[in-house]
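Notes for the one structure printed next.
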Amino acid sequence: MYLRQAGILTQDTKCATMKSKRILLEVITAFLVLLFVYTPTSKLISFDEYKLAMAAQPLAPFIRTTLIYALPAVEYIVVVLLIIPRTRRMALYASLVLLSLFTGYIILIQVNYYGRIPCTCGGIIQQMSWEDHLLFNIAFILATILAIQFDKITHDHVKDAGELNYHDI
């Protein structure tokens, strides 16, 4: 009887751990959705200011012009993909790529590769120092990596249990 109860406790513990991972996955995804809704919306609300800041970036003119419109669009697309369970993992990877690119750019600014560069972020994020930006992005990168791992683990757990998962649909 003791072994049987221990087995039940172990199974309950596994289920509780898996449930915690699913909840954390949802929380991290929600924060990414908020970030990728807030950032482009802030840019579009202050579009003229955003265009001027982008014009001051040390990039080729055609790249700047493309990014002015493509960056908010890509961020909104990532939001849609994050919301759809079947495309969530792809969106988490896309989020990781975007955050990594932004972080790499911030690092180049930090080492004065470009000189003084205006921030093209919007709203509250624009008020951050470059050091704060860097820490903010690193925190989101780590959270996104964790979310990708939790998505894989919970998907594999559901698959092993024979349950239907959104990745199988």
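Please note that chains go A, B, ... in the order of the structure tokens, that every chain numbers its residues from 1, and that ligands are numbered from 1 in the order shown.
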
What are the closest atom pairs, with distances in Å to one decimal, for each residue of segment 28-105 of chain A lying within 12 Å of segment 126-150 of chain A, using only C-alpha atoms, rows by chain and rising residue number, as JSON lines?
{"residue": "A:Ile28", "atom": "CA", "partner": "A:Ala147", "partner_atom": "CA", "distance": 6.4}
{"residue": "A:Thr29", "atom": "CA", "partner": "A:Ala147", "partner_atom": "CA", "distance": 7.4}
{"residue": "A:Ala30", "atom": "CA", "partner": "A:Ala147", "partner_atom": "CA", "distance": 10.8}
{"residue": "A:Phe31", "atom": "CA", "partner": "A:Phe140", "partner_atom": "CA", "distance": 8.8}
{"residue": "A:Leu32", "atom": "CA", "partner": "A:Phe140", "partner_atom": "CA", "distance": 7.9}
{"residue": "A:Val33", "atom": "CA", "partner": "A:Thr144", "partner_atom": "CA", "distance": 11.5}
{"residue": "A:Leu34", "atom": "CA", "partner": "A:Phe140", "partner_atom": "CA", "distance": 11.8}
{"residue": "A:Leu35", "atom": "CA", "partner": "A:Phe140", "partner_atom": "CA", "distance": 9.5}
{"residue": "A:Phe36", "atom": "CA", "partner": "A:Phe140", "partner_atom": "CA", "distance": 11.5}
{"residue": "A:Tyr38", "atom": "CA", "partner": "A:Gln126", "partner_atom": "CA", "distance": 11.7}
{"residue": "A:Thr39", "atom": "CA", "partner": "A:Gln126", "partner_atom": "CA", "distance": 9.6}
{"residue": "A:Ser42", "atom": "CA", "partner": "A:Gln126", "partner_atom": "CA", "distance": 9.6}
{"residue": "A:Lys43", "atom": "CA", "partner": "A:Gln126", "partner_atom": "CA", "distance": 10.0}
{"residue": "A:Ser46", "atom": "CA", "partner": "A:Gln126", "partner_atom": "CA", "distance": 11.6}
{"residue": "A:Glu49", "atom": "CA", "partner": "A:Gln126", "partner_atom": "CA", "distance": 11.5}
{"residue": "A:Tyr50", "atom": "CA", "partner": "A:Gln126", "partner_atom": "CA", "distance": 10.6}
{"residue": "A:Ala53", "atom": "CA", "partner": "A:Gln126", "partner_atom": "CA", "distance": 11.0}
{"residue": "A:Leu82", "atom": "CA", "partner": "A:Ala147", "partner_atom": "CA", "distance": 11.4}
{"residue": "A:Arg88", "atom": "CA", "partner": "A:Ile148", "partner_atom": "CA", "distance": 9.1}
{"residue": "A:Arg89", "atom": "CA", "partner": "A:Ile148", "partner_atom": "CA", "distance": 6.5}
{"residue": "A:Met90", "atom": "CA", "partner": "A:Ile148", "partner_atom": "CA", "distance": 9.2}
{"residue": "A:Ala91", "atom": "CA", "partner": "A:Ile148", "partner_atom": "CA", "distance": 9.6}
{"residue": "A:Leu92", "atom": "CA", "partner": "A:Ile148", "partner_atom": "CA", "distance": 6.4}
{"residue": "A:Tyr93", "atom": "CA", "partner": "A:Ile148", "partner_atom": "CA", "distance": 7.4}
{"residue": "A:Ala94", "atom": "CA", "partner": "A:Thr144", "partner_atom": "CA", "distance": 9.9}
{"residue": "A:Ser95", "atom": "CA", "partner": "A:Thr144", "partner_atom": "CA", "distance": 7.4}
{"residue": "A:Leu96", "atom": "CA", "partner": "A:Ile141", "partner_atom": "CA", "distance": 6.0}
{"residue": "A:Val97", "atom": "CA", "partner": "A:Ile141", "partner_atom": "CA", "distance": 9.0}
{"residue": "A:Leu98", "atom": "CA", "partner": "A:Ile141", "partner_atom": "CA", "distance": 9.4}
{"residue": "A:Leu99", "atom": "CA", "partner": "A:Asn137", "partner_atom": "CA", "distance": 6.3}
{"residue": "A:Ser100", "atom": "CA", "partner": "A:Ile141", "partner_atom": "CA", "distance": 7.0}
{"residue": "A:Leu101", "atom": "CA", "partner": "A:Asn137", "partner_atom": "CA", "distance": 10.0}
{"residue": "A:Phe102", "atom": "CA", "partner": "A:Asn137", "partner_atom": "CA", "distance": 7.7}
{"residue": "A:Thr103", "atom": "CA", "partner": "A:Asn137", "partner_atom": "CA", "distance": 6.1}
{"residue": "A:Gly104", "atom": "CA", "partner": "A:Leu134", "partner_atom": "CA", "distance": 9.0}
{"residue": "A:Tyr105", "atom": "CA", "partner": "A:Leu134", "partner_atom": "CA", "distance": 9.6}

Can you tell me, as a ChimeraX atom specification, which residues in segment 87-169 of chain A count as helix (DSSP H, G or I) by DSSP? /A:87-110,123-126,130-160,166-168

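Atom CA of Ile77 of chain A sits 18.9 Å away from atom CA of Thr65 of chain A.
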